[in-house]
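Coordinates from protein36.txt are shown below (compact mmCIF, C-alpha atoms).
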# COMPACT_ATOMS: atom_id res chain seq x y z
CA MET A 188 5.10 3.43 2.11
CA THR A 189 6.39 1.55 -0.89
CA ILE A 190 4.43 1.93 -4.06
CA ALA A 191 4.69 -1.07 -6.35
CA HIS A 192 2.01 -0.39 -8.96
CA HIS A 193 2.11 2.77 -11.08
CA PRO A 194 0.07 4.18 -13.98
CA SER A 195 1.53 3.39 -17.41
CA ASP A 196 3.92 5.86 -19.03
CA GLU A 197 1.28 6.58 -21.67
CA LEU A 198 -1.24 7.46 -19.00
CA LEU A 199 1.23 9.73 -17.19
CA THR A 200 2.03 11.40 -20.51
CA SER A 201 -1.67 11.93 -21.23
CA PHE A 202 -1.99 13.47 -17.78
CA ALA A 203 0.88 15.86 -18.45
CA ALA A 204 -0.56 16.62 -21.88
CA GLY A 205 -3.90 17.51 -20.31
CA VAL A 206 -5.91 15.20 -22.57
CA LEU A 207 -7.59 13.06 -19.89
CA ASP A 208 -11.23 13.62 -18.98
CA LEU A 209 -11.66 14.89 -15.43
CA GLY A 210 -12.53 11.48 -13.95
CA ARG A 211 -9.34 9.87 -15.23
CA HIS A 212 -7.38 12.99 -14.35
CA VAL A 213 -8.58 12.69 -10.74
CA ALA A 214 -7.49 9.03 -10.55
CA VAL A 215 -3.98 9.77 -11.85
CA ALA A 216 -3.68 12.90 -9.68
CA THR A 217 -4.56 10.81 -6.63
CA HIS A 218 -1.74 8.42 -7.39
CA LEU A 219 0.65 11.34 -8.01
CA THR A 220 -0.17 12.81 -4.60
CA GLY A 221 1.48 9.82 -2.99
CA CYS A 222 4.13 9.05 -5.60
CA PRO A 223 7.14 11.37 -6.05
CA HIS A 224 8.51 8.98 -8.68
CA CYS A 225 5.56 9.49 -11.03
CA ARG A 226 5.49 13.21 -10.24
CA ARG A 227 9.00 13.39 -11.69
CA VAL A 228 7.88 11.51 -14.79
CA VAL A 229 4.97 13.94 -15.27
CA HIS A 230 7.31 16.86 -14.76
CA ALA A 231 9.68 15.47 -17.40
CA MET A 232 6.73 15.03 -19.74
CA GLU A 233 5.77 18.67 -19.22
CA HIS A 234 9.27 19.50 -20.39
CA VAL A 235 8.67 17.28 -23.42
CA GLY A 236 5.42 19.23 -23.94
CA GLY A 237 7.39 22.48 -23.83
CA LEU A 238 9.76 21.24 -26.49
CA VAL A 239 6.93 19.87 -28.63
CA LEU A 240 5.23 23.26 -28.40
CA SER A 241 8.42 25.16 -29.10
CA ASP A 242 9.06 23.07 -32.20
CA LEU A 243 5.58 23.19 -33.73
CA PRO A 244 5.34 24.94 -37.11
CA VAL A 245 4.00 28.49 -36.86
CA THR A 246 0.49 29.62 -37.78
CA PRO A 247 0.73 33.38 -38.44
CA MET A 248 -1.18 35.46 -35.88
CA SER A 249 -4.00 37.68 -37.11
CA PRO A 250 -2.95 41.21 -38.11
CA GLY A 251 -2.94 43.47 -35.08
CA ALA A 252 -2.85 40.58 -32.59
CA PHE A 253 0.34 41.80 -30.93
CA ALA A 254 -0.84 45.43 -30.81
CA GLY A 255 -4.13 44.29 -29.27
CA VAL A 256 -2.36 42.24 -26.62
CA GLU A 257 0.13 44.99 -25.89
CA ALA A 258 -2.68 47.47 -25.33
CA ARG A 259 -4.13 45.19 -22.65
CA LEU A 260 -0.89 44.59 -20.70
CA ASP A 261 -1.15 47.62 -18.40
CA GLY A 262 -4.57 46.62 -17.17
CA LEU A 263 -3.48 43.16 -16.02
CA ALA A 264 -3.09 42.38 -12.35
CA PRO A 265 -0.03 40.34 -11.42
CA GLY A 266 -0.63 36.62 -11.04
CA VAL A 267 -1.57 35.24 -7.66
CA ALA A 268 -0.66 31.68 -6.73
CA THR A 269 -3.76 29.55 -6.55
CA GLY A 270 -4.52 27.34 -3.56
CA PRO A 271 -7.25 24.92 -2.50
CA ARG A 272 -10.39 26.44 -1.02
CA ASN A 273 -10.98 23.86 1.72
CA THR A 274 -14.73 23.85 1.50
CA ALA A 275 -16.50 22.29 4.46
CA ALA A 276 -18.68 20.05 2.29
CA GLY A 277 -15.72 18.26 0.75
CA LEU A 278 -13.75 15.10 1.26
CA GLY A 279 -11.36 16.53 3.84
CA ASP A 280 -11.81 13.49 6.08
CA ILE A 281 -10.31 11.13 3.50
CA PRO A 282 -6.51 10.86 3.60
CA GLY A 283 -4.39 10.71 0.47
CA LEU A 284 -6.51 12.82 -1.90
CA PRO A 285 -5.03 15.70 -3.91
CA PRO A 286 -6.04 19.12 -2.51
CA PHE A 287 -8.38 19.98 -5.39
CA VAL A 288 -10.28 16.69 -4.98
CA ARG A 289 -10.75 17.29 -1.25
CA ASP A 290 -12.91 20.28 -2.22
CA TYR A 291 -15.34 18.24 -4.33
CA PRO A 292 -18.79 17.59 -2.89
CA SER A 293 -19.69 13.97 -2.25
CA THR A 294 -22.57 11.85 -1.06
CA SER A 295 -22.48 10.04 2.29
CA TRP A 296 -21.38 6.39 2.47
CA LYS A 297 -24.04 4.13 1.00
CA TRP A 298 -24.36 0.40 1.48
CA ILE A 299 -24.01 -1.40 -1.85
CA ALA A 300 -23.16 -4.96 -0.85
CA PRO A 301 -22.33 -6.82 2.36
CA LYS A 302 -19.36 -5.03 3.99
CA VAL A 303 -18.96 -2.66 1.04
CA HIS A 304 -19.92 1.04 1.03
CA LEU A 305 -19.73 3.58 -1.74
CA ARG A 306 -19.45 7.35 -1.70
CA SER A 307 -19.94 9.18 -5.00
CA VAL A 308 -17.74 12.13 -5.81
CA ARG A 309 -19.47 14.92 -7.68
CA LEU A 310 -17.15 16.28 -10.34
CA PRO A 311 -17.55 19.95 -11.28
CA GLU A 312 -17.37 19.04 -14.97
CA ALA A 313 -19.27 16.55 -17.06
CA SER A 314 -16.95 13.58 -17.46
CA ALA A 315 -17.42 10.28 -19.23
CA THR A 316 -15.65 8.71 -16.26
CA ARG A 317 -17.40 8.41 -12.90
CA VAL A 318 -15.46 8.77 -9.67
CA PHE A 319 -16.37 7.24 -6.34
CA LEU A 320 -14.81 6.00 -3.14
CA LEU A 321 -15.22 2.38 -2.17
CA LYS A 322 -14.82 1.23 1.43
CA SER A 323 -14.56 -2.49 2.04
CA GLN A 324 -14.24 -4.16 5.42
CA PRO A 325 -11.36 -6.57 6.15
CA GLY A 326 -11.85 -10.03 4.70
CA THR A 327 -14.32 -8.86 2.07
CA ARG A 328 -14.18 -10.98 -1.03
CA MET A 329 -15.48 -9.08 -4.03
CA ILE A 330 -17.27 -11.06 -6.63
CA GLU A 331 -15.39 -11.80 -9.79
CA HIS A 332 -16.07 -9.12 -12.29
CA THR A 333 -15.17 -7.81 -15.69
CA HIS A 334 -15.69 -4.34 -17.08
CA SER A 335 -17.34 -3.16 -20.20
CA GLY A 336 -15.10 -0.07 -20.04
CA PHE A 337 -12.16 0.45 -17.71
CA GLU A 338 -11.55 1.01 -14.07
CA MET A 339 -8.73 2.86 -12.35
CA THR A 340 -8.29 2.22 -8.66
CA CYS A 341 -6.06 4.11 -6.23
CA VAL A 342 -5.63 2.66 -2.77
CA LEU A 343 -5.97 5.34 -0.10
CA SER A 344 -5.82 3.10 2.97
CA GLY A 345 -5.82 -0.63 3.72
CA SER A 346 -4.94 -3.12 1.01
CA PHE A 347 -6.29 -5.75 -1.33
CA VAL A 348 -4.93 -8.60 -3.37
CA HIS A 349 -5.93 -10.12 -6.69
CA ALA A 350 -4.28 -12.16 -9.44
CA GLY A 351 -2.33 -9.05 -10.54
CA GLY A 352 -0.59 -8.60 -7.19
CA HIS A 353 -0.89 -6.93 -3.81
CA PHE A 354 -2.12 -3.32 -3.65
CA GLY A 355 -1.50 -1.04 -0.67
CA PRO A 356 -1.72 2.71 -0.06
CA GLY A 357 -0.59 4.69 -3.12
CA ASP A 358 -0.82 1.76 -5.50
CA PHE A 359 -2.62 2.23 -8.81
CA ASP A 360 -4.56 -0.55 -10.50
CA PHE A 361 -5.82 -0.40 -14.07
CA GLY A 362 -8.46 -2.86 -15.18
CA ASP A 363 -10.06 -3.04 -18.60
CA GLY A 364 -12.45 -5.40 -20.31
CA SER A 365 -9.85 -8.17 -20.28
CA THR A 366 -9.51 -8.10 -16.51
CA ASP A 367 -11.45 -10.78 -14.73
CA HIS A 368 -10.52 -10.84 -11.12
CA GLU A 369 -11.54 -11.77 -7.66
CA VAL A 370 -10.50 -9.16 -5.17
CA MET A 371 -9.80 -9.92 -1.53
CA ILE A 372 -9.35 -7.25 1.15
CA ASP A 373 -6.37 -8.48 3.16
CA SER A 374 -5.70 -5.53 5.50
CA THR A 375 -6.79 -5.53 9.14
CA GLU A 376 -8.40 -2.10 8.64
CA ALA A 377 -11.03 -1.14 6.09
CA CYS A 378 -9.69 -0.62 2.59
CA ILE A 379 -10.65 2.73 1.04
CA CYS A 380 -10.03 3.23 -2.66
CA LEU A 381 -10.75 5.99 -5.12
CA VAL A 382 -12.18 4.48 -8.28
CA ALA A 383 -12.60 6.10 -11.70
CA MET A 384 -14.80 4.00 -13.92
CA GLN A 385 -16.11 4.08 -17.44
CA GLY A 386 -18.68 1.60 -18.66
CA GLU A 387 -20.59 -0.86 -16.55
CA LEU A 388 -19.30 -3.36 -14.05
CA LYS A 389 -20.37 -6.87 -14.99
CA LEU A 390 -20.51 -9.40 -12.24
CA ASN A 391 -19.81 -13.00 -13.15
CA GLY A 392 -21.31 -16.14 -11.76
CA ILE A 393 -24.79 -16.87 -10.50
CA LEU A 394 -24.32 -14.84 -7.31
CA GLY A 395 -23.20 -11.93 -9.41
CA ARG A 396 -26.27 -12.16 -11.57
CA LEU A 397 -28.41 -12.18 -8.45
CA LEU A 398 -26.62 -9.21 -6.95
CA GLN A 399 -26.28 -7.18 -10.13
CA PRO A 400 -29.66 -5.43 -9.81
CA LEU A 401 -28.82 -4.49 -6.22
CA ILE A 402 -25.48 -2.99 -6.96
CA ARG A 403 -25.77 0.40 -8.52
CA MET A 404 -22.28 1.39 -9.44
CA MET B 709 13.86 20.84 -34.21
CA LEU B 710 13.33 18.37 -31.40
CA ASN B 711 16.43 16.56 -32.55
CA GLY B 712 18.50 19.70 -33.00
CA LYS B 713 22.00 20.19 -31.68
CA PRO B 714 22.12 19.43 -27.95
CA ASP B 715 24.67 22.20 -27.19
CA ASP B 716 22.16 24.87 -28.17
CA ALA B 717 19.52 23.45 -25.89
CA THR B 718 20.66 24.82 -22.55
CA SER B 719 21.39 28.27 -23.91
CA GLU B 720 18.03 28.43 -25.63
CA ALA B 721 16.18 27.32 -22.50
CA ALA B 722 18.15 29.82 -20.42
CA ARG B 723 17.37 32.58 -22.93
CA TRP B 724 13.61 32.09 -22.65
CA ALA B 725 13.89 31.95 -18.86
CA ALA B 726 15.83 35.23 -18.83
CA LEU B 727 13.16 36.90 -20.99
CA ILE B 728 10.37 35.78 -18.65
CA ALA B 729 12.41 37.00 -15.68
CA ALA B 730 12.80 40.40 -17.39
CA VAL B 731 9.03 40.59 -17.88
CA ALA B 732 8.49 39.75 -14.21
CA ARG B 733 11.12 42.16 -12.90
CA GLU B 734 10.88 45.18 -15.17
CA LYS B 735 7.69 44.70 -17.19
CA ASP B 736 10.10 44.57 -20.11
CA ARG B 737 8.02 44.93 -23.27
CA GLU B 738 10.85 44.13 -25.63
CA ALA B 739 11.42 40.84 -23.86
CA PHE B 740 7.68 40.21 -24.05
CA ALA B 741 7.66 40.95 -27.79
CA VAL B 742 10.35 38.30 -28.33
CA LEU B 743 8.35 35.76 -26.34
CA PHE B 744 5.20 36.68 -28.26
CA THR B 745 6.87 36.36 -31.64
CA HIS B 746 8.21 32.92 -30.86
CA PHE B 747 5.42 31.35 -28.82
CA ALA B 748 2.11 32.91 -29.96
CA PRO B 749 2.15 31.47 -33.51
CA ARG B 750 3.16 28.06 -32.13
CA ILE B 751 0.49 28.08 -29.45
CA LYS B 752 -1.93 28.94 -32.25
CA THR B 753 -0.82 25.80 -34.11
CA PHE B 754 -1.17 23.83 -30.87
CA MET B 755 -4.78 25.07 -30.51
CA ARG B 756 -5.60 24.48 -34.19
CA ARG B 757 -4.37 20.89 -33.91
CA SER B 758 -6.50 20.52 -30.81
CA GLY B 759 -9.59 21.36 -32.84
CA ALA B 760 -9.94 25.12 -32.25
CA SER B 761 -11.17 27.29 -35.14
CA GLU B 762 -8.80 29.78 -36.75
CA GLN B 763 -10.33 32.63 -34.78
CA SER B 764 -10.50 30.92 -31.42
CA ALA B 765 -6.96 29.52 -31.82
CA ASP B 766 -5.78 33.08 -32.43
CA GLU B 767 -7.64 34.33 -29.35
CA LEU B 768 -6.34 31.49 -27.18
CA ALA B 769 -2.78 32.20 -28.28
CA GLN B 770 -3.31 35.84 -27.29
CA GLU B 771 -4.79 34.77 -23.94
CA ALA B 772 -1.79 32.53 -23.36
CA LEU B 773 0.66 35.37 -23.91
CA LEU B 774 -1.39 37.68 -21.69
CA ALA B 775 -1.08 34.99 -19.01
CA VAL B 776 2.68 34.81 -19.60
CA TRP B 777 2.81 38.55 -18.89
CA SER B 778 0.63 38.52 -15.80
CA LYS B 779 1.97 35.29 -14.31
CA ALA B 780 5.64 35.98 -15.03
CA ASN B 781 6.08 36.86 -11.35
CA LEU B 782 5.10 33.26 -10.49
CA PHE B 783 7.62 31.70 -12.88
CA ASP B 784 10.32 29.93 -10.90
CA PRO B 785 13.27 29.11 -13.17
CA ASN B 786 14.55 26.68 -10.54
CA SER B 787 11.50 24.48 -10.67
CA VAL B 788 10.43 24.46 -14.29
CA GLY B 789 11.88 25.18 -17.73
CA ALA B 790 10.55 28.19 -19.63
CA SER B 791 9.04 26.25 -22.54
CA ALA B 792 7.47 23.74 -20.15
CA TRP B 793 5.97 26.59 -18.14
CA ILE B 794 4.48 28.20 -21.23
CA PHE B 795 3.28 24.78 -22.36
CA THR B 796 1.36 24.32 -19.08
CA ILE B 797 -0.28 27.73 -19.56
CA ALA B 798 -1.39 26.80 -23.09
CA ARG B 799 -2.47 23.33 -21.96
CA ASN B 800 -4.66 24.71 -19.17
CA LEU B 801 -6.20 27.29 -21.50
CA ARG B 802 -7.00 24.51 -23.95
CA ILE B 803 -8.75 22.51 -21.21
CA ASP B 804 -10.67 25.63 -20.17
CA ALA B 805 -11.71 26.32 -23.78
CA LEU B 806 -12.94 22.75 -24.26
CA ARG B 807 -14.99 22.98 -21.08
CA ARG B 808 -16.44 26.32 -22.11
CA GLU B 809 -17.65 24.76 -25.35
CA LYS B 810 -19.73 22.35 -23.32
CA ARG B 811 -21.46 24.83 -21.06
CA ALA B 812 -22.02 28.52 -20.57
CA ARG B 813 -20.45 28.95 -17.15
CA THR B 814 -16.69 29.17 -17.02
CA SER B 815 -14.66 28.43 -13.94
CA GLY B 816 -11.51 29.92 -15.44
CA THR B 817 -8.03 28.52 -15.59
CA ASP B 818 -7.42 28.94 -11.85
CA ASP B 819 -9.40 25.77 -11.23
CA ILE B 820 -7.41 23.96 -13.87
CA ASP B 821 -4.12 25.21 -12.44
CA LEU B 822 -5.25 23.67 -9.15
CA GLU B 823 -6.04 20.37 -10.83
CA PHE B 824 -2.36 20.02 -11.66
CA GLN B 825 -1.19 20.77 -8.12
CA VAL B 826 -0.94 17.32 -6.71
CA ASP B 827 1.17 17.93 -3.65
CA ASP B 828 2.68 20.63 -1.50
CA GLY B 829 6.13 19.08 -1.37
CA PRO B 830 9.36 20.36 -2.85
CA THR B 831 9.49 20.85 -6.59
CA PRO B 832 10.65 17.78 -8.50
CA ASP B 833 13.79 19.39 -9.89
CA ALA B 834 14.89 21.07 -6.68
CA GLY B 835 18.66 21.20 -6.78
CA LEU B 836 18.84 20.79 -10.52
CA ALA B 837 18.42 23.96 -12.56
CA ALA B 838 15.31 23.64 -14.68
CA ALA B 839 17.10 24.84 -17.79
CA GLN B 840 19.41 21.86 -17.32
CA ALA B 841 16.47 19.52 -16.86
CA GLU B 842 14.94 20.88 -20.03
CA SER B 843 18.11 20.38 -22.01
CA ARG B 844 18.45 16.86 -20.64
CA VAL B 845 14.98 16.06 -21.93
CA ARG B 846 15.89 17.66 -25.24
CA ASN B 847 19.08 15.61 -25.48
CA ALA B 848 17.12 12.45 -24.77
CA LEU B 849 14.60 13.33 -27.47
CA ALA B 850 17.40 14.06 -29.91
CA THR B 851 18.47 10.42 -29.85
CA LEU B 852 15.01 9.07 -30.67
CA PRO B 853 14.29 7.97 -34.24
CA ASP B 854 11.91 10.25 -36.16
CA ASP B 855 8.92 7.90 -36.14
CA GLN B 856 9.11 7.66 -32.34
CA LEU B 857 9.42 11.43 -32.01
CA ARG B 858 6.30 11.86 -34.11
CA VAL B 859 4.21 9.67 -31.82
CA ILE B 860 5.50 11.41 -28.69
CA GLU B 861 4.46 14.69 -30.25
CA LEU B 862 1.09 13.06 -30.92
CA SER B 863 0.45 12.17 -27.34
CA PHE B 864 0.13 15.87 -26.56
CA PHE B 865 -3.04 15.97 -28.59
CA ASP B 866 -6.22 14.00 -28.00
CA GLU B 867 -7.31 10.69 -29.49
CA LYS B 868 -8.93 12.37 -32.46
CA ALA B 869 -5.57 13.83 -33.40
CA HIS B 870 -4.03 10.36 -33.00
CA ALA B 871 -6.43 8.96 -35.57
CA GLU B 872 -5.73 11.84 -37.93
CA ILE B 873 -1.99 11.44 -37.65
CA ALA B 874 -2.26 7.69 -38.04
CA GLN B 875 -4.00 8.52 -41.29
CA SER B 876 -1.40 11.07 -42.33
CA LEU B 877 1.44 8.65 -41.53
CA GLN B 878 -0.59 5.93 -43.25
CA ILE B 879 -0.26 3.51 -40.38
CA PRO B 880 -2.97 1.85 -38.29
CA LEU B 881 -3.93 3.46 -34.98
CA GLY B 882 -2.70 0.35 -33.17
CA THR B 883 0.76 0.93 -34.64
CA VAL B 884 0.70 4.52 -33.37
CA LYS B 885 -0.06 3.20 -29.90
CA SER B 886 2.64 0.52 -29.95
CA ARG B 887 5.17 2.99 -31.33
CA LEU B 888 4.25 5.34 -28.53
CA ARG B 889 4.89 2.61 -25.99
CA LEU B 890 8.26 1.92 -27.57
CA ALA B 891 9.18 5.59 -27.64
CA MET B 892 8.12 6.06 -24.03
CA ASN B 893 10.23 3.11 -22.91
CA ARG B 894 13.21 4.49 -24.76
CA LEU B 895 12.69 7.96 -23.36
CA ARG B 896 12.28 6.65 -19.83
CA GLY B 897 15.53 4.74 -20.23
CA LEU B 898 17.31 7.87 -21.40
CA LEU B 899 15.87 9.94 -18.57
CA GLY B 900 16.79 7.15 -16.16
CA ASP B 901 18.18 9.22 -13.31
CA LEU B 902 14.89 11.05 -12.96
CA SER B 903 13.70 8.37 -10.60

Show the structure stored in the file as structure tokens.
Amino acid sequence: MTIAHHPSDELLTSFAAGVLDLGRHVAVATHLTGCPHCRRVVHAMEHVGGLVLSDLPVTPMSPGAFAGVEARLDGLAPGVATGPRNTAAGLGDIPGLPPFVRDYPSTSWKWIAPKVHLRSVRLPEASATRVFLLKSQPGTRMIEHTHSGFEMTCVLSGSFVHAGGHFGPGDFDFGDGSTDHEVMIDSTEACICLVAMQGELKLNGILGRLLQPLIRM
Amino acid sequence: MLNGKPDDATSEAARWAALIAAVAREKDREAFAVLFTHFAPRIKTFMRRSGASEQSADELAQEALLAVWSKANLFDPNSVGASAWIFTIARNLRIDALRREKRARTSGTDDIDLEFQVDDGPTPDAGLAAAQAESRVRNALATLPDDQLRVIELSFFDEKAHAEIAQSLQIPLGTVKSRLRLAMNRLRGLLGDLS
């Protein structure tokens, strides 16, 4: 699997810095699951974070802070490596998701437009960014649309093409308000994507205006 | 300093790693005290800049060092540098603290640790000692001009901090963002053999 489209360096840095809301974090993590290249970039950025931290000016600790911490050391249990819980209700049937996302509860597939189904992912934290899976049948032509916010799309299976290029499994697509594209599913199998979206999707054209009330995204 | 002498970088990284190893192996309190003295007041600054109050920044810094003590057995010097490891502990505590502000229930940092585990494959630096990786990053940073270093530092804090720093540097936010892009490109070039 060759990945051609990656998140920007700034986005990978924000991921490593831990400043993304959970919805955006999930989208980047999904890309990272399939992309060793970007995992190395994130790892390097964590090293940058370590150096940034190490070089920050000091703020003196409160008096007695060390003594207080030292007094608590004996009572601490040694760390245990964490691992995913593999809950039955999760998204275990969807390939390509990071382990922690597989544990998130989700709705069942819901029809939202001809040949397009949507499955909402319930995040455990309030997040300004919504996350859902979108499954589109081969040959589906999505209506031209723009966003009032932004949209991050990770291809999990199948592929699509738009003016920005061809997107297959592992590819990451970032669209913001300036993106105005017609998407065409060009794989022979259904195309499943994880989408993180902020703002509302605006459909263009008369068909879009007719469909808009039907499509609850 | 981020742009300090490169030769000191490896030895410093190796020194922190050795101290964490001593904590893991022998519950070495002297080693822990050295780690506390260096990192706790800096983690406190990190939390303050992230919007925590004086008191909660102090508590979070203490929590971070308690986690360094209890998780020292999980520290793998072959996969991650010592400062980077401590950074990830502080980062995850910061995320946890921000979430706790929003609601009463707390899931704890275990969930956040999981959110950064994106695959089960080999560690990215396998074969390359992490202290070396850390010093390579430090060497790369050392060649960046100061204004680019500042914006890289910025990206480890949220957007609010960006706006504040833009103000303190007296440059528009857009300039901060474009400088960041420039600095990232430069850094990526310098770290070229990562990919």

Residues of chain A within 8 Å of chain B, counting only C-alpha atoms, what are they? List them as a PDB file with C-alpha atoms, in the frame of the given file.
ATOM      1  CA  ASP A 196       3.920   5.860 -19.030  1.00  0.00           C
ATOM      2  CA  GLU A 197       1.280   6.580 -21.670  1.00  0.00           C
ATOM      3  CA  THR A 200       2.030  11.400 -20.510  1.00  0.00           C
ATOM      4  CA  SER A 201      -1.670  11.930 -21.230  1.00  0.00           C
ATOM      5  CA  ALA A 204      -0.560  16.620 -21.880  1.00  0.00           C
ATOM      6  CA  GLY A 205      -3.900  17.510 -20.310  1.00  0.00           C
ATOM      7  CA  VAL A 206      -5.910  15.200 -22.570  1.00  0.00           C
ATOM      8  CA  ALA A 216      -3.680  12.900  -9.680  1.00  0.00           C
ATOM      9  CA  THR A 217      -4.560  10.810  -6.630  1.00  0.00           C
ATOM     10  CA  LEU A 219       0.650  11.340  -8.010  1.00  0.00           C
ATOM     11  CA  THR A 220      -0.170  12.810  -4.600  1.00  0.00           C
ATOM     12  CA  PRO A 223       7.140  11.370  -6.050  1.00  0.00           C
ATOM     13  CA  HIS A 224       8.510   8.980  -8.680  1.00  0.00           C
ATOM     14  CA  ARG A 226       5.490  13.210 -10.240  1.00  0.00           C
ATOM     15  CA  ARG A 227       9.000  13.390 -11.690  1.00  0.00           C
ATOM     16  CA  VAL A 228       7.880  11.510 -14.790  1.00  0.00           C
ATOM     17  CA  HIS A 230       7.310  16.860 -14.760  1.00  0.00           C
ATOM     18  CA  ALA A 231       9.680  15.470 -17.400  1.00  0.00           C
ATOM     19  CA  GLU A 233       5.770  18.670 -19.220  1.00  0.00           C
ATOM     20  CA  HIS A 234       9.270  19.500 -20.390  1.00  0.00           C
ATOM     21  CA  VAL A 235       8.670  17.280 -23.420  1.00  0.00           C
ATOM     22  CA  GLY A 236       5.420  19.230 -23.940  1.00  0.00           C
ATOM     23  CA  GLY A 237       7.390  22.480 -23.830  1.00  0.00           C
ATOM     24  CA  LEU A 238       9.760  21.240 -26.490  1.00  0.00           C
ATOM     25  CA  VAL A 239       6.930  19.870 -28.630  1.00  0.00           C
ATOM     26  CA  LEU A 240       5.230  23.260 -28.400  1.00  0.00           C
ATOM     27  CA  SER A 241       8.420  25.160 -29.100  1.00  0.00           C
ATOM     28  CA  ASP A 242       9.060  23.070 -32.200  1.00  0.00           C
ATOM     29  CA  LEU A 243       5.580  23.190 -33.730  1.00  0.00           C
ATOM     30  CA  PRO A 244       5.340  24.940 -37.110  1.00  0.00           C
ATOM     31  CA  VAL A 245       4.000  28.490 -36.860  1.00  0.00           C
ATOM     32  CA  THR A 246       0.490  29.620 -37.780  1.00  0.00           C
ATOM     33  CA  PRO A 247       0.730  33.380 -38.440  1.00  0.00           C
ATOM     34  CA  MET A 248      -1.180  35.460 -35.880  1.00  0.00           C
ATOM     35  CA  SER A 249      -4.000  37.680 -37.110  1.00  0.00           C
ATOM     36  CA  ALA A 252      -2.850  40.580 -32.590  1.00  0.00           C
ATOM     37  CA  PHE A 253       0.340  41.800 -30.930  1.00  0.00           C
ATOM     38  CA  VAL A 256      -2.360  42.240 -26.620  1.00  0.00           C
ATOM     39  CA  LEU A 260      -0.890  44.590 -20.700  1.00  0.00           C
ATOM     40  CA  LEU A 263      -3.480  43.160 -16.020  1.00  0.00           C
ATOM     41  CA  ALA A 264      -3.090  42.380 -12.350  1.00  0.00           C
ATOM     42  CA  PRO A 265      -0.030  40.340 -11.420  1.00  0.00           C
ATOM     43  CA  GLY A 266      -0.630  36.620 -11.040  1.00  0.00           C
ATOM     44  CA  VAL A 267      -1.570  35.240  -7.660  1.00  0.00           C
ATOM     45  CA  ALA A 268      -0.660  31.680  -6.730  1.00  0.00           C
ATOM     46  CA  THR A 269      -3.760  29.550  -6.550  1.00  0.00           C
ATOM     47  CA  GLY A 270      -4.520  27.340  -3.560  1.00  0.00           C
ATOM     48  CA  PRO A 271      -7.250  24.920  -2.500  1.00  0.00           C
ATOM     49  CA  PRO A 285      -5.030  15.700  -3.910  1.00  0.00           C
ATOM     50  CA  PRO A 286      -6.040  19.120  -2.510  1.00  0.00           C
ATOM     51  CA  PHE A 287      -8.380  19.980  -5.390  1.00  0.00           C
ATOM     52  CA  GLU A 312     -17.370  19.040 -14.970  1.00  0.00           C
TER      53      GLU A 312
END

Minimum-distance residue to A:His192, chosen among A:Leu207, A:Ala254, A:Ala350, A:Val342 (using only C-alpha atoms) |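 Under the stated criterion, the closest residue is A:Val342.
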
Please measure the separation of atom CA of A:Gly386 and atom CA of A:Thr316, giving the value in Å to one decimal.
->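 These atoms are spaced 8.1 Å apart.
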
Within-12 Å shell of (-9.5, 1.7, -11.4) in input frame, only C-alpha atoms, as a VMD selection string | chain A and resid 192 to 194 210 to 215 217 to 218 316 to 321 333 to 334 336 to 342 354 358 to 364 366 380 to 386 388

Residue neighbourhood stretch 303-311 of chain A, 7 Å, only C-alpha atoms, exclusion window fewer than 5 positions, as a list in words | Tyr291, Pro292, Ser293, Thr294, Ser295, Trp296, Lys297, Trp298, Val318, Phe319, Leu320, Leu321, Lys322, Ser323 and Gln324 of chain A

Taking all atoms listed in the file into account, which of A:Ile299, A:Phe347, A:Leu284, A:Met232 comes nearest A:Ala203?
->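 Looking only at the distances to A:Ala203, the closest residue turns out to be A:Met232.
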
Between atom CA of A:Ile379 and atom CA of A:Leu343 - distance in Å to one decimal = 5.5 Å

Separation of atom CA of B:Leu768 from atom CA of B:Ala871 in Å |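 Between atom CA of B:Ala871 and atom CA of B:Leu768 the gap is 24.0 Å.
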